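Trainee: Input final26.cif, format and content: mmCIF, C-alpha atoms.
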data_run
loop_
_atom_site.label_atom_id
_atom_site.label_comp_id
_atom_site.auth_asym_id
_atom_site.auth_seq_id
_atom_site.Cartn_x
_atom_site.Cartn_y
_atom_site.Cartn_z
CA MET A 1 -69.98 -48.39 -58.33
CA ASP A 2 -67.19 -46.90 -60.42
CA TYR A 3 -66.57 -43.17 -60.58
CA ASN A 4 -64.36 -41.25 -62.95
CA PHE A 5 -61.52 -38.85 -62.27
CA ILE A 6 -63.73 -35.77 -62.80
CA GLN A 7 -66.13 -36.86 -60.05
CA ILE A 8 -63.27 -37.58 -57.65
CA LEU A 9 -61.73 -34.18 -58.41
CA LEU A 10 -65.08 -32.43 -57.88
CA VAL A 11 -65.58 -34.19 -54.54
CA PHE A 12 -62.12 -33.00 -53.48
CA LEU A 13 -62.85 -29.41 -54.56
CA VAL A 14 -66.22 -29.35 -52.78
CA THR A 15 -64.60 -30.63 -49.58
CA PHE A 16 -61.71 -28.17 -49.95
CA ILE A 17 -64.06 -25.19 -50.30
CA ALA A 18 -66.41 -26.33 -47.53
CA ALA A 19 -63.49 -26.87 -45.13
CA ILE A 20 -62.41 -23.25 -45.61
CA ASP A 21 -65.96 -21.88 -45.60
CA GLN A 22 -66.74 -23.32 -42.15
CA PHE A 23 -64.44 -20.71 -40.60
CA SER A 24 -65.31 -17.73 -42.81
CA PHE A 25 -68.67 -16.96 -41.13
CA LEU A 26 -69.74 -15.36 -44.41
CA GLU A 27 -71.53 -18.16 -46.23
CA SER A 28 -73.22 -21.45 -45.36
CA LEU A 29 -71.74 -23.60 -48.11
CA TYR A 30 -70.28 -26.01 -45.56
CA GLN A 31 -73.65 -26.94 -44.07
CA PRO A 32 -74.55 -30.62 -44.63
CA ILE A 33 -77.83 -29.70 -46.33
CA VAL A 34 -75.77 -27.87 -49.00
CA THR A 35 -72.86 -30.30 -49.32
CA GLY A 36 -75.23 -33.27 -49.41
CA MET A 37 -77.07 -31.75 -52.36
CA VAL A 38 -73.82 -30.95 -54.22
CA ILE A 39 -72.36 -34.43 -53.61
CA GLY A 40 -75.64 -35.93 -54.81
CA LEU A 41 -75.38 -33.92 -58.02
CA ILE A 42 -71.77 -35.00 -58.56
CA LEU A 43 -72.51 -38.69 -57.95
CA GLY A 44 -75.77 -38.70 -59.91
CA ASP A 45 -78.27 -39.15 -57.05
CA LEU A 46 -79.61 -35.73 -56.06
CA GLN A 47 -82.57 -37.07 -54.06
CA THR A 48 -80.43 -39.22 -51.78
CA GLY A 49 -77.95 -36.38 -51.33
CA LEU A 50 -80.73 -34.02 -50.23
CA ILE A 51 -82.25 -36.55 -47.82
CA VAL A 52 -78.91 -37.43 -46.22
CA GLY A 53 -77.82 -33.80 -46.06
CA GLY A 54 -81.07 -32.75 -44.41
CA THR A 55 -80.88 -35.62 -41.91
CA TYR A 56 -77.28 -34.79 -41.00
CA GLN A 57 -78.17 -31.08 -40.77
CA LEU A 58 -80.82 -31.82 -38.15
CA MET A 59 -78.28 -33.81 -36.13
CA THR A 60 -75.68 -31.04 -36.11
CA ILE A 61 -78.00 -28.05 -35.80
CA GLY A 62 -77.05 -27.46 -32.16
CA ASN A 63 -73.33 -28.20 -32.49
CA MET A 64 -70.99 -25.27 -32.03
CA PRO A 65 -67.33 -24.84 -31.04
CA VAL A 66 -66.77 -23.50 -27.55
CA GLY A 67 -63.33 -21.97 -27.10
CA GLY A 68 -60.76 -24.45 -28.36
CA ALA A 69 -63.12 -27.43 -28.07
CA GLN A 70 -64.33 -28.64 -31.45
CA PRO A 71 -67.52 -30.70 -32.01
CA PRO A 72 -67.52 -33.60 -34.50
CA ASN A 73 -66.93 -31.92 -37.83
CA ALA A 74 -70.05 -31.40 -39.96
CA VAL A 75 -68.11 -30.94 -43.21
CA ILE A 76 -66.47 -34.36 -43.40
CA GLY A 77 -69.37 -36.06 -41.63
CA GLY A 78 -72.01 -34.63 -43.97
CA ILE A 79 -70.02 -35.31 -47.14
CA MET A 80 -69.09 -38.85 -46.11
CA ALA A 81 -72.68 -39.60 -45.10
CA ALA A 82 -73.84 -38.66 -48.62
CA ILE A 83 -71.02 -40.65 -50.23
CA LEU A 84 -71.69 -43.74 -48.11
CA SER A 85 -75.43 -43.62 -48.74
CA ILE A 86 -75.04 -43.24 -52.52
CA THR A 87 -72.09 -45.56 -53.16
CA LEU A 88 -73.03 -48.33 -50.71
CA LYS A 89 -76.83 -47.96 -51.00
CA LEU A 90 -77.26 -47.37 -47.26
CA GLU A 91 -80.40 -45.99 -45.71
CA PRO A 92 -79.95 -42.26 -44.94
CA THR A 93 -80.20 -42.73 -41.17
CA ALA A 94 -77.71 -45.61 -41.25
CA ALA A 95 -75.34 -43.56 -43.43
CA VAL A 96 -75.52 -40.65 -40.95
CA ALA A 97 -74.59 -42.91 -38.05
CA THR A 98 -71.86 -44.66 -40.08
CA ALA A 99 -70.31 -41.29 -40.99
CA ILE A 100 -69.77 -40.24 -37.36
CA PRO A 101 -66.22 -41.75 -37.17
CA PHE A 102 -65.32 -39.65 -40.23
CA SER A 103 -66.66 -36.52 -38.52
CA LEU A 104 -64.35 -37.31 -35.61
CA LEU A 105 -61.44 -37.39 -38.07
CA GLY A 106 -62.47 -33.89 -39.12
CA GLN A 107 -62.54 -32.83 -35.49
CA TYR A 108 -59.00 -34.14 -35.00
CA ALA A 109 -57.85 -32.42 -38.21
CA VAL A 110 -59.17 -29.04 -37.03
CA THR A 111 -57.51 -29.48 -33.64
CA LEU A 112 -54.24 -30.42 -35.39
CA ILE A 113 -54.32 -27.33 -37.62
CA PHE A 114 -55.15 -25.05 -34.68
CA SER A 115 -52.26 -26.51 -32.67
CA ALA A 116 -49.83 -26.22 -35.59
CA MET A 117 -50.82 -22.60 -36.26
CA SER A 118 -50.49 -21.49 -32.63
CA PRO A 119 -46.73 -20.79 -32.82
CA VAL A 120 -47.28 -18.89 -36.07
CA MET A 121 -49.44 -16.32 -34.24
CA SER A 122 -46.30 -14.67 -32.84
CA VAL A 123 -45.11 -14.21 -36.44
CA ALA A 124 -48.48 -12.67 -37.30
CA ASP A 125 -48.11 -10.29 -34.34
CA ASN A 126 -44.74 -9.17 -35.68
CA TYR A 127 -46.25 -8.66 -39.14
CA ALA A 128 -49.03 -6.58 -37.59
CA HIS A 129 -46.49 -4.51 -35.64
CA ASP A 130 -44.62 -3.82 -38.88
CA ALA A 131 -47.87 -3.17 -40.80
CA ASN A 132 -46.96 -6.07 -43.11
CA THR A 133 -50.40 -6.94 -44.44
CA LYS A 134 -49.03 -9.22 -47.13
CA GLY A 135 -47.33 -11.37 -44.51
CA ILE A 136 -50.60 -11.72 -42.58
CA ASP A 137 -52.36 -12.63 -45.83
CA ARG A 138 -49.81 -15.38 -46.50
CA ILE A 139 -50.36 -16.87 -43.06
CA ASN A 140 -54.12 -16.94 -43.57
CA TYR A 141 -53.80 -18.47 -47.02
CA LEU A 142 -51.42 -21.10 -45.64
CA ALA A 143 -53.88 -22.08 -42.90
CA MET A 144 -56.81 -22.21 -45.34
CA ALA A 145 -54.86 -24.32 -47.82
CA ALA A 146 -53.78 -26.72 -45.07
CA ILE A 147 -57.26 -27.29 -43.64
CA GLY A 148 -58.77 -27.65 -47.11
CA ALA A 149 -56.10 -30.10 -48.28
CA ILE A 150 -56.36 -32.28 -45.17
CA PHE A 151 -60.15 -32.45 -45.37
CA GLY A 152 -60.06 -33.12 -49.11
CA LEU A 153 -57.51 -35.92 -48.78
CA ILE A 154 -59.46 -37.63 -45.98
CA VAL A 155 -62.68 -37.65 -48.01
CA VAL A 156 -61.06 -38.64 -51.31
CA LEU A 157 -59.07 -41.50 -49.78
CA PHE A 158 -62.18 -43.06 -48.30
CA PHE A 159 -64.20 -42.21 -51.41
CA ILE A 160 -61.75 -44.03 -53.70
CA GLY A 161 -61.61 -47.01 -51.37
CA GLY A 162 -65.34 -46.90 -50.78
CA ALA A 163 -66.26 -49.32 -53.52
CA THR A 164 -64.03 -52.04 -52.06
CA PHE A 165 -63.00 -51.12 -48.55
CA GLY A 166 -66.33 -49.54 -47.66
CA GLU A 167 -68.37 -52.47 -48.94
CA GLN A 168 -66.18 -54.89 -47.00
CA VAL A 169 -66.67 -52.91 -43.81
CA VAL A 170 -70.43 -52.60 -44.30
CA SER A 171 -70.85 -56.28 -45.20
CA ALA A 172 -68.92 -57.23 -42.06
CA ILE A 173 -71.36 -55.31 -39.86
CA PRO A 174 -74.02 -57.64 -38.38
CA GLU A 175 -77.64 -56.97 -39.33
CA TRP A 176 -78.61 -56.18 -35.74
CA LEU A 177 -75.83 -53.60 -35.50
CA MET A 178 -76.85 -52.02 -38.81
CA LYS A 179 -80.42 -51.68 -37.54
CA GLY A 180 -79.01 -50.11 -34.36
CA LEU A 181 -76.99 -47.64 -36.42
CA SER A 182 -80.09 -46.76 -38.42
CA ALA A 183 -82.10 -46.17 -35.23
CA ALA A 184 -79.27 -44.09 -33.74
CA GLY A 185 -79.01 -42.01 -36.89
CA GLY A 186 -82.74 -41.32 -36.76
CA MET A 187 -82.53 -40.34 -33.10
CA MET A 188 -79.61 -37.96 -33.51
CA ARG A 189 -81.70 -35.34 -35.30
CA TYR A 190 -83.70 -34.93 -32.10
CA VAL A 191 -80.51 -34.74 -30.06
CA GLY A 192 -79.40 -31.85 -32.28
CA PHE A 193 -82.66 -30.00 -31.65
CA ALA A 194 -82.40 -30.72 -27.91
CA ILE A 195 -78.94 -29.14 -27.80
CA LEU A 196 -80.24 -26.12 -29.68
CA LEU A 197 -83.24 -25.74 -27.37
CA LYS A 198 -81.03 -25.98 -24.30
CA VAL A 199 -79.16 -22.89 -25.49
CA MET A 200 -82.01 -20.85 -26.96
CA VAL A 201 -85.24 -21.79 -25.20
CA SER A 202 -86.89 -19.36 -22.80
CA ARG A 203 -89.62 -20.08 -20.29
CA ASP A 204 -91.75 -17.41 -21.94
CA MET A 205 -91.57 -19.28 -25.25
CA TRP A 206 -92.62 -22.76 -24.14
CA GLY A 207 -96.20 -22.06 -25.24
CA PHE A 208 -95.05 -21.34 -28.80
CA TYR A 209 -92.94 -24.50 -28.78
CA PHE A 210 -95.82 -26.78 -27.82
CA MET A 211 -98.16 -24.97 -30.21
CA GLY A 212 -95.68 -25.54 -33.06
CA PHE A 213 -95.41 -29.21 -32.15
CA GLY A 214 -99.19 -29.53 -32.17
CA LEU A 215 -99.53 -27.71 -35.50
CA ALA A 216 -96.85 -29.92 -37.05
CA THR A 217 -98.70 -33.04 -35.90
CA ILE A 218 -102.00 -31.77 -37.32
CA VAL A 219 -100.52 -30.68 -40.66
CA MET A 220 -98.58 -33.92 -41.17
CA ALA A 221 -101.73 -35.95 -40.46
CA ALA A 222 -103.44 -34.47 -43.53
CA PRO A 223 -102.12 -36.14 -46.73
CA SER A 224 -102.88 -33.05 -48.81
CA LEU A 225 -100.82 -30.85 -46.45
CA SER A 226 -97.91 -33.18 -45.68
CA GLY A 227 -95.99 -32.11 -48.81
CA PRO A 228 -95.87 -28.34 -48.19
CA ALA A 229 -95.94 -28.83 -44.40
CA LEU A 230 -92.67 -26.98 -43.73
CA ILE A 231 -93.73 -24.00 -45.85
CA ILE A 232 -97.11 -23.81 -44.11
CA LEU A 233 -95.53 -23.97 -40.64
CA ALA A 234 -92.90 -21.41 -41.65
CA PHE A 235 -95.61 -18.93 -42.67
CA ILE A 236 -97.50 -19.54 -39.41
CA GLY A 237 -94.31 -19.13 -37.39
CA PHE A 238 -93.41 -15.91 -39.20
CA ALA A 239 -96.91 -14.51 -38.66
CA LEU A 240 -96.77 -15.24 -34.93
CA ALA A 241 -93.25 -13.83 -34.59
CA PHE A 242 -94.20 -10.65 -36.48
CA TRP A 243 -97.35 -10.23 -34.39
CA ASP A 244 -95.36 -10.66 -31.16
CA TYR A 245 -92.78 -8.14 -32.38
CA GLN A 246 -95.48 -5.55 -33.06
CA ILE A 247 -97.10 -6.08 -29.65
CA GLN A 248 -93.76 -5.80 -27.85
CA SER A 249 -92.83 -2.65 -29.81
CA LYS A 250 -96.14 -0.96 -28.94
CA PHE A 251 -95.76 -1.98 -25.31
CA LYS A 252 -92.26 -0.50 -25.08
CA THR A 253 -93.42 2.72 -26.75
CA ALA A 254 -96.39 3.04 -24.39
CA THR A 255 -94.15 2.42 -21.37
CA ALA A 256 -91.66 5.05 -22.51
CA ASN A 257 -94.43 7.61 -23.05
CA ALA A 258 -95.96 6.86 -19.64
CA ASN A 259 -92.65 7.63 -17.94
CA ASP A 260 -92.19 10.92 -19.84
CA PHE A 261 -93.12 13.66 -17.34
CA GLY A 262 -91.82 16.50 -19.47
CA GLY A 263 -88.78 18.71 -18.93
CA ASP A 264 -87.83 22.08 -17.54
CA GLU A 265 -89.34 23.85 -20.52
CA ASP A 266 -92.77 22.63 -19.43
CA GLY A 267 -92.40 24.47 -16.13
CA ILE A 268 -92.13 21.28 -14.08
#
Now, as a test, write the supplied structure out as structure tokens.
Mentor:
Amino acid sequence: MDYNFIQILLVFLVTFIAAIDQFSFLESLYQPIVTGMVIGLILGDLQTGLIVGGTYQLMTIGNMPVGGAQPPNAVIGGIMAAILSITLKLEPTAAVATAIPFSLLGQYAVTLIFSAMSPVMSVADNYAHDANTKGIDRINYLAMAAIGAIFGLIVVLFFIGGATFGEQVVSAIPEWLMKGLSAAGGMMRYVGFAILLKVMVSRDMWGFYFMGFGLATIVMAAPSLSGPALIILAFIGFALAFWDYQIQSKFKTATANANDFGGDEDGI
């Protein structure tokens, strides 16, 4: 498929903004479910963009940087998964698995920028000592421009070559390997949830987890409920969470009142 200069420029700008946004902690524009939708709009296939973005989001939901260690980058991976699925007509799960090498490139790019900016931190310390806020601003703008430009160039280079280079690579992949990639891409969403549960799950909450799994199975089994299934389960989950919050609040209040034996003014 052929794409015009405006589409290529928009893909670069989306990647540039998402690369910066992933470190701002203010918005969630860099999340694959958002970038997949935007890339789908740019390339004229919104439905595929949403499906791929949602699939990639589930895979990366438990990924987080720990110290200086960076996980495979969700920005480049999510954008490239949408591009590969739309331009090469790949199945969403296969596109997610195929995009993993690109996410590793993003991981290397982040590590490279962090390493390059390390010596600059001493300059920032001097600026802070001299109360030179403009100097600190310039350093931050430099780092943001560098990470955005690197991410944008990686995506655009593979996007431009996708119609020829990408098709050649995909056509060279054996059918059995493509089916394996599709199966791996479908499995990774559960790996993402497993990582998230390992961090967040509590023994006291296992009952809610299994109840949610059972409710999801029941709701999805009914054709009339399968469409709004997520909304239905979200309302049920919110109701249970709000009920538990009220019970716990009343329990804490009752415990505090039970331990209140009065003060000196009561003659005790």
Trainee: Pick from A:Leu142, A:Leu58, A:Ala116, A:Ala124: nearest to Pro32 (chain A), with all atoms listed in the file counted?
Mentor: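 Between A:Leu142, A:Leu58, A:Ala116, A:Ala124, the residue approaching Pro32 (chain A) most closely is A:Leu58.
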Trainee: Of the residues A:Tyr3, A:Phe210, A:Phe16, A:Phe114, which is the one nearest to Gly161 (chain A), using all atoms listed in the file?
Mentor: A:Tyr3
Trainee: Dump as a PDB file with C-alpha atoms, keeping the file's coordinate frame all residues having an atom at most 12 Å from (-101.1, -32.0, -40.0), computed in the file's coordinates with all atoms listed in the file.
Mentor:
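Final file, part28.pdb:
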ATOM      1  CA  GLY A 212     -95.680 -25.540 -33.060  1.00  0.00           C
ATOM      2  CA  PHE A 213     -95.410 -29.210 -32.150  1.00  0.00           C
ATOM      3  CA  GLY A 214     -99.190 -29.530 -32.170  1.00  0.00           C
ATOM      4  CA  LEU A 215     -99.530 -27.710 -35.500  1.00  0.00           C
ATOM      5  CA  ALA A 216     -96.850 -29.920 -37.050  1.00  0.00           C
ATOM      6  CA  THR A 217     -98.700 -33.040 -35.900  1.00  0.00           C
ATOM      7  CA  ILE A 218    -102.000 -31.770 -37.320  1.00  0.00           C
ATOM      8  CA  VAL A 219    -100.520 -30.680 -40.660  1.00  0.00           C
ATOM      9  CA  MET A 220     -98.580 -33.920 -41.170  1.00  0.00           C
ATOM     10  CA  ALA A 221    -101.730 -35.950 -40.460  1.00  0.00           C
ATOM     11  CA  ALA A 222    -103.440 -34.470 -43.530  1.00  0.00           C
ATOM     12  CA  PRO A 223    -102.120 -36.140 -46.730  1.00  0.00           C
ATOM     13  CA  SER A 224    -102.880 -33.050 -48.810  1.00  0.00           C
ATOM     14  CA  LEU A 225    -100.820 -30.850 -46.450  1.00  0.00           C
ATOM     15  CA  SER A 226     -97.910 -33.180 -45.680  1.00  0.00           C
ATOM     16  CA  GLY A 227     -95.990 -32.110 -48.810  1.00  0.00           C
ATOM     17  CA  PRO A 228     -95.870 -28.340 -48.190  1.00  0.00           C
ATOM     18  CA  ALA A 229     -95.940 -28.830 -44.400  1.00  0.00           C
ATOM     19  CA  LEU A 230     -92.670 -26.980 -43.730  1.00  0.00           C
ATOM     20  CA  ILE A 232     -97.110 -23.810 -44.110  1.00  0.00           C
ATOM     21  CA  LEU A 233     -95.530 -23.970 -40.640  1.00  0.00           C
TER      22      LEU A 233
END
Trainee: A:Gly106, A:Ile100, A:Gly135, A:Leu197: which is nearest Ala149 (chain A), counting all atoms listed in the file?
Mentor: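 Result for the nearest residue to Ala149 (chain A): A:Gly106.
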Trainee: State, in Å with one decimal place, the distance from CA of Leu29 (chain A) to CA of Ile79 (chain A).
Mentor: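 Pair CA of Leu29 (chain A) / CA of Ile79 (chain A) returns 11.9 Å.
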Trainee: Between A:Met59, A:Ala97, A:Gln246, A:Ala82, which one has atoms that come closest to Val155 (chain A), using all atoms listed in the file?
Mentor: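 Ranking A:Met59, A:Ala97, A:Gln246, A:Ala82 by distance to Val155 (chain A), first place goes to A:Ala82.
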Trainee: Could you tell me which of A:Gln47, A:Asn132, A:Asn140, A:Thr55 comes closest to Ser24 (chain A) if we count all atoms listed in the file?
Mentor: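 Closest candidate: A:Asn140.
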Trainee: When the PyMOL selection byres ((chain A and resi 154) around 10) is applied to the file above, which residues end up in the set, as a list of chain:residue names?
Mentor: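 Applying the expression gives A:Phe12, A:Thr15, A:Ile76, A:Met80, A:Phe102, A:Leu105, A:Gly106, A:Ala109, A:Ala149, A:Ile150, A:Phe151, A:Gly152, A:Leu153, A:Val155, A:Val156, A:Leu157, A:Phe158, A:Phe159.
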